[in-house]
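Note sheet for the following structure.
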Amino acid sequence: MMEEIIRYDTEFFLLLNNLGSEPWDELWRIITNKLTFIPLYMFLIYLVYKNYGLKETLVVLIIGGLMIATTDQLANLFKYILFKRPRPCREQELELLMRFVADGCGRYGYFSAHAASSMAAAVFLGLLLKPFYKALPFLLLLWASVVAYSRIYLGVHYPLDIITGMFFGAWIGLAVYKLNVWAQGRFTL
């Protein structure tokens with residue numbers, strides 16, 4: 001059964017990866033770069049500050065940093081200790097079938113830390129700011145999905161790497177949001 005899942009995952013990867021074309025490659029490299037979205041992060045921090053004040057913004061920055069560190073370390077645990085599934089760009093039999101657009105290729109890919117981190121941030125900040133900006137959660141989920149897809153486009157992750165990363169990221173983002181709500185009710189700053 002697992003071999004069949006991996007086969008379907010590989011076929012789906014090749015389908016999605018080969019949708020790309022050279023004129024779009026640089027855009028997807030930019031999208032996958034974590035530094036690209038610093039203006040978005042700054043804007044979201046501003047929205048938190050505007051609606052919650054300085055103390056809550058500092059709390060959000062701290063727990064947000066811990067949340068991203070958690071998603072990254074959980075992804076590393078899965079990649080390097082539990083599964084050790086090579087990235088598609090490390091598979092010789094895919095070399096001539098896929099488009100490799102990334103600037104580099106890590107060793108293992110299950111699951112995507114990019115997908116997990118962006119989804120955790122989207123869920124956490126989307127829920128936090130939803131009372132003030134009803135459409136923002138949907139826009140952030142779209143953003144996280146685009147970032148996640150960029151990893152397939154570039155040839156460094158399979159679809160299951162992305163889906164699993166988004167799943168864990170969503171749960172971590174939701175858990176952190178609920179923990180923040182609980183803490184705000186229990187403790188006043």
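Just remember, in the structure tokens the first chain shown is A, the second B, etc., residues are 1-based per chain, and ligands are 1-based in the order shown.
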Proximity of stretch 11-57 of chain A to stretch 99-114 of chain A: per-residue shortest pair, 8 Å limit, only C-alpha atoms, as a tab-separated table:
residue	atom	partner	partner_atom	distance
A:Asn17	CA	A:Arg99	CA	6.4
A:Asn18	CA	A:Arg99	CA	6.2
A:Gly20	CA	A:Arg99	CA	7.8
A:Asp25	CA	A:Val101	CA	6.6
A:Arg29	CA	A:Ala102	CA	6.8
A:Thr32	CA	A:His114	CA	8.0
Preceding selection exported with all heavy atoms as a PDB file, in the first residue's frame:
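Written file, result.pdb:
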ATOM      1  N   ASN A  17       4.783  19.677 -11.090  1.00  0.00           N
ATOM      2  CA  ASN A  17       6.091  20.269 -11.337  1.00  0.00           C
ATOM      3  C   ASN A  17       6.264  20.651 -12.806  1.00  0.00           C
ATOM      4  O   ASN A  17       6.830  21.706 -13.120  1.00  0.00           O
ATOM      5  CB  ASN A  17       7.178  19.299 -10.889  1.00  0.00           C
ATOM      6  CG  ASN A  17       8.564  19.760 -11.244  1.00  0.00           C
ATOM      7  OD1 ASN A  17       9.146  19.305 -12.235  1.00  0.00           O
ATOM      8  ND2 ASN A  17       9.116  20.658 -10.441  1.00  0.00           N
ATOM      9  N   ASN A  18       5.755  19.834 -13.694  1.00  0.00           N
ATOM     10  CA  ASN A  18       5.913  20.095 -15.126  1.00  0.00           C
ATOM     11  C   ASN A  18       4.909  21.091 -15.682  1.00  0.00           C
ATOM     12  O   ASN A  18       4.944  21.405 -16.872  1.00  0.00           O
ATOM     13  CB  ASN A  18       5.878  18.776 -15.911  1.00  0.00           C
ATOM     14  CG  ASN A  18       7.197  18.058 -15.802  1.00  0.00           C
ATOM     15  OD1 ASN A  18       8.227  18.553 -16.226  1.00  0.00           O
ATOM     16  ND2 ASN A  18       7.173  16.887 -15.177  1.00  0.00           N
ATOM     17  N   GLY A  20       5.102  24.067 -14.829  1.00  0.00           N
ATOM     18  CA  GLY A  20       5.912  25.280 -14.856  1.00  0.00           C
ATOM     19  C   GLY A  20       6.546  25.524 -16.212  1.00  0.00           C
ATOM     20  O   GLY A  20       6.628  24.635 -17.056  1.00  0.00           O
ATOM     21  N   ASP A  25       9.859  30.888 -13.727  1.00  0.00           N
ATOM     22  CA  ASP A  25      10.771  30.318 -12.734  1.00  0.00           C
ATOM     23  C   ASP A  25      11.241  31.325 -11.688  1.00  0.00           C
ATOM     24  O   ASP A  25      11.252  31.030 -10.493  1.00  0.00           O
ATOM     25  CB  ASP A  25      11.977  29.671 -13.417  1.00  0.00           C
ATOM     26  CG  ASP A  25      11.616  28.414 -14.193  1.00  0.00           C
ATOM     27  OD1 ASP A  25      10.448  27.952 -14.091  1.00  0.00           O
ATOM     28  OD2 ASP A  25      12.488  27.901 -14.913  1.00  0.00           O
ATOM     29  N   ARG A  29      10.911  31.328  -7.534  1.00  0.00           N
ATOM     30  CA  ARG A  29      12.075  31.410  -6.641  1.00  0.00           C
ATOM     31  C   ARG A  29      11.876  32.529  -5.621  1.00  0.00           C
ATOM     32  O   ARG A  29      12.247  32.401  -4.453  1.00  0.00           O
ATOM     33  CB  ARG A  29      13.354  31.674  -7.453  1.00  0.00           C
ATOM     34  CG  ARG A  29      13.979  30.452  -8.040  1.00  0.00           C
ATOM     35  CD  ARG A  29      15.397  30.796  -8.554  1.00  0.00           C
ATOM     36  NE  ARG A  29      15.803  29.861  -9.558  1.00  0.00           N
ATOM     37  CZ  ARG A  29      15.702  30.032 -10.875  1.00  0.00           C
ATOM     38  NH1 ARG A  29      15.217  31.148 -11.364  1.00  0.00           N
ATOM     39  NH2 ARG A  29      16.099  29.102 -11.707  1.00  0.00           N
ATOM     40  N   THR A  32       9.251  31.485  -2.932  1.00  0.00           N
ATOM     41  CA  THR A  32       9.724  30.508  -1.954  1.00  0.00           C
ATOM     42  C   THR A  32      10.738  31.080  -0.970  1.00  0.00           C
ATOM     43  O   THR A  32      10.962  30.507   0.088  1.00  0.00           O
ATOM     44  CB  THR A  32      10.309  29.267  -2.678  1.00  0.00           C
ATOM     45  OG1 THR A  32      10.141  28.135  -1.847  1.00  0.00           O
ATOM     46  CG2 THR A  32      11.755  29.438  -3.033  1.00  0.00           C
TER      47      THR A  32
END
### Task
Please provide as a list of chain:residue names all residues within 9 Å of A:Trp171, with the sequence filter that same-chain residues fewer than 6 positions apart are discarded (counting only C-alpha atoms).
A:Met119, A:Ala120, A:Val123
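In this model, the gap between atom CA of A:Thr71 and atom CA of A:Pro86 comes to 19.4 Å.
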Closest contacts (stretch 150-182 of chain A/stretch 44-68 of chain A, max 8 Å, only C-alpha atoms) as JSON lines:
{"residue": "A:Ile172", "atom": "CA", "partner": "A:Met67", "partner_atom": "CA", "distance": 7.2}
{"residue": "A:Gly173", "atom": "CA", "partner": "A:Met67", "partner_atom": "CA", "distance": 7.3}
{"residue": "A:Val176", "atom": "CA", "partner": "A:Met67", "partner_atom": "CA", "distance": 7.1}
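In terms of minimum interatomic distance to A:Phe43, A:Leu129 ranks closest within A:Leu160, A:Leu129, A:Leu179, A:Met166, counting only C-alpha atoms.
Minimum distance to A:Ala170 across A:Gly155, A:Pro23, A:Pro137, A:Pro88 (counting only C-alpha atoms) occurs at A:Pro137.
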### Pairwise distance for atom CA of A:Ser150 and atom CA of A:Leu27, rounded to one decimal in Å
9.4 Å
### Task
From the DSSP assignment of the backbone, select every residue of stretch 49-122 of chain A that is alpha helix (DSSP H), and format the answer as a PyMOL selection string.
chain A and resi 49-52+54-77+113-122
Residues as selected, N, CA and C atoms, written as a JSON list (two decimals), in the first residue's frame, can you do that?
[["chain", "number", "residue", "atom", "x", "y", "z"],
["A", 49, "TYR", "N", -0.71, 45.22, 16.33],
["A", 49, "TYR", "CA", -0.46, 46.38, 17.19],
["A", 49, "TYR", "C", -1.65, 47.34, 17.18],
["A", 50, "LYS", "N", -2.15, 47.63, 15.98],
["A", 50, "LYS", "CA", -3.26, 48.58, 15.82],
["A", 50, "LYS", "C", -4.51, 48.09, 16.56],
["A", 51, "ASN", "N", -4.76, 46.81, 16.55],
["A", 51, "ASN", "CA", -5.99, 46.28, 17.12],
["A", 51, "ASN", "C", -5.86, 45.74, 18.54],
["A", 52, "TYR", "N", -4.66, 45.41, 18.97],
["A", 52, "TYR", "CA", -4.48, 44.81, 20.29],
["A", 52, "TYR", "C", -3.55, 45.58, 21.21],
["A", 54, "LEU", "N", 0.44, 47.31, 22.27],
["A", 54, "LEU", "CA", 1.85, 46.93, 22.34],
["A", 54, "LEU", "C", 2.08, 45.63, 23.11],
["A", 55, "LYS", "N", 1.45, 45.47, 24.27],
["A", 55, "LYS", "CA", 1.70, 44.27, 25.07],
["A", 55, "LYS", "C", 1.30, 43.00, 24.32],
["A", 56, "GLU", "N", 0.12, 43.01, 23.73],
["A", 56, "GLU", "CA", -0.33, 41.82, 22.98],
["A", 56, "GLU", "C", 0.56, 41.59, 21.76],
["A", 57, "THR", "N", 1.03, 42.66, 21.14],
["A", 57, "THR", "CA", 1.93, 42.51, 19.99],
["A", 57, "THR", "C", 3.22, 41.83, 20.40],
["A", 58, "LEU", "N", 3.77, 42.22, 21.54],
["A", 58, "LEU", "CA", 4.99, 41.57, 22.03],
["A", 58, "LEU", "C", 4.74, 40.09, 22.34],
["A", 59, "VAL", "N", 3.59, 39.79, 22.92],
["A", 59, "VAL", "CA", 3.23, 38.40, 23.20],
["A", 59, "VAL", "C", 3.11, 37.63, 21.88],
["A", 60, "VAL", "N", 2.46, 38.22, 20.90],
["A", 60, "VAL", "CA", 2.28, 37.57, 19.59],
["A", 60, "VAL", "C", 3.64, 37.33, 18.94],
["A", 61, "LEU", "N", 4.55, 38.29, 19.03],
["A", 61, "LEU", "CA", 5.88, 38.10, 18.45],
["A", 61, "LEU", "C", 6.62, 36.94, 19.12],
["A", 62, "ILE", "N", 6.53, 36.85, 20.42],
["A", 62, "ILE", "CA", 7.22, 35.78, 21.14],
["A", 62, "ILE", "C", 6.61, 34.42, 20.82],
["A", 63, "ILE", "N", 5.29, 34.32, 20.96],
["A", 63, "ILE", "CA", 4.68, 33.01, 20.70],
["A", 63, "ILE", "C", 4.72, 32.66, 19.21],
["A", 64, "GLY", "N", 4.68, 33.69, 18.35],
["A", 64, "GLY", "CA", 4.83, 33.43, 16.91],
["A", 64, "GLY", "C", 6.20, 32.87, 16.59],
["A", 65, "GLY", "N", 7.22, 33.42, 17.20],
["A", 65, "GLY", "CA", 8.58, 32.89, 17.01],
["A", 65, "GLY", "C", 8.70, 31.46, 17.51],
["A", 66, "LEU", "N", 8.12, 31.19, 18.67],
["A", 66, "LEU", "CA", 8.13, 29.82, 19.20],
["A", 66, "LEU", "C", 7.34, 28.87, 18.30],
["A", 67, "MET", "N", 6.24, 29.37, 17.74],
["A", 67, "MET", "CA", 5.42, 28.55, 16.85],
["A", 67, "MET", "C", 6.20, 28.16, 15.59],
["A", 68, "ILE", "N", 6.88, 29.12, 14.99],
["A", 68, "ILE", "CA", 7.66, 28.84, 13.77],
["A", 68, "ILE", "C", 8.82, 27.90, 14.10],
["A", 69, "ALA", "N", 9.47, 28.12, 15.23],
["A", 69, "ALA", "CA", 10.55, 27.20, 15.64],
["A", 69, "ALA", "C", 10.01, 25.78, 15.85],
["A", 70, "THR", "N", 8.81, 25.67, 16.40],
["A", 70, "THR", "CA", 8.19, 24.36, 16.61],
["A", 70, "THR", "C", 7.92, 23.67, 15.28],
["A", 71, "THR", "N", 7.35, 24.40, 14.32],
["A", 71, "THR", "CA", 7.07, 23.78, 13.01],
["A", 71, "THR", "C", 8.36, 23.34, 12.34],
["A", 72, "ASP", "N", 9.39, 24.17, 12.41],
["A", 72, "ASP", "CA", 10.67, 23.81, 11.79],
["A", 72, "ASP", "C", 11.29, 22.58, 12.44],
["A", 73, "GLN", "N", 11.28, 22.53, 13.76],
["A", 73, "GLN", "CA", 11.90, 21.40, 14.45],
["A", 73, "GLN", "C", 11.09, 20.12, 14.27],
["A", 74, "LEU", "N", 9.77, 20.24, 14.24],
["A", 74, "LEU", "CA", 8.95, 19.07, 13.98],
["A", 74, "LEU", "C", 9.22, 18.54, 12.56],
["A", 75, "ALA", "N", 9.32, 19.44, 11.59],
["A", 75, "ALA", "CA", 9.65, 19.03, 10.22],
["A", 75, "ALA", "C", 11.02, 18.35, 10.19],
["A", 76, "ASN", "N", 11.99, 18.89, 10.90],
["A", 76, "ASN", "CA", 13.32, 18.26, 10.95],
["A", 76, "ASN", "C", 13.27, 16.87, 11.58],
["A", 77, "LEU", "N", 12.47, 16.72, 12.63],
["A", 77, "LEU", "CA", 12.30, 15.41, 13.25],
["A", 77, "LEU", "C", 11.76, 14.40, 12.24],
["A", 113, "ALA", "N", 8.91, 22.15, 5.76],
["A", 113, "ALA", "CA", 8.91, 23.17, 6.81],
["A", 113, "ALA", "C", 8.34, 24.48, 6.27],
["A", 114, "HIS", "N", 8.57, 24.78, 4.99],
["A", 114, "HIS", "CA", 7.98, 25.99, 4.38],
["A", 114, "HIS", "C", 6.45, 25.92, 4.48],
["A", 115, "ALA", "N", 5.90, 24.77, 4.08],
["A", 115, "ALA", "CA", 4.44, 24.62, 4.12],
["A", 115, "ALA", "C", 3.92, 24.71, 5.55],
["A", 116, "ALA", "N", 4.59, 24.06, 6.48],
["A", 116, "ALA", "CA", 4.15, 24.06, 7.87],
["A", 116, "ALA", "C", 4.23, 25.45, 8.48],
["A", 117, "SER", "N", 5.33, 26.12, 8.29],
["A", 117, "SER", "CA", 5.51, 27.45, 8.89],
["A", 117, "SER", "C", 4.53, 28.48, 8.33],
["A", 118, "SER", "N", 4.39, 28.49, 7.01],
["A", 118, "SER", "CA", 3.48, 29.48, 6.42],
["A", 118, "SER", "C", 2.03, 29.19, 6.81],
["A", 119, "MET", "N", 1.65, 27.92, 6.88],
["A", 119, "MET", "CA", 0.29, 27.58, 7.27],
["A", 119, "MET", "C", 0.05, 27.91, 8.74],
["A", 120, "ALA", "N", 1.01, 27.62, 9.60],
["A", 120, "ALA", "CA", 0.86, 27.95, 11.02],
["A", 120, "ALA", "C", 0.68, 29.46, 11.20],
["A", 121, "ALA", "N", 1.49, 30.24, 10.51],
["A", 121, "ALA", "CA", 1.37, 31.71, 10.60],
["A", 121, "ALA", "C", 0.03, 32.17, 10.06],
["A", 122, "ALA", "N", -0.40, 31.59, 8.94],
["A", 122, "ALA", "CA", -1.68, 31.99, 8.33],
["A", 122, "ALA", "C", -2.85, 31.70, 9.26]]
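Residue nearest A:Ala175, chosen from A:Val146, A:Phe124, A:Glu22, A:Tyr153 and counting only C-alpha atoms: A:Phe124.
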### Task
Between A:Leu154, A:Phe167, A:Lys130, A:Glu93, single out the one closest to A:Trp24, counting only C-alpha atoms.
A:Leu154
### Query
Out of A:Tyr8, A:Phe13, A:Trp182, A:Tyr158, which residue has the shortest atom-to-atom distance to A:Arg87 when counting only C-alpha atoms?
A:Tyr158
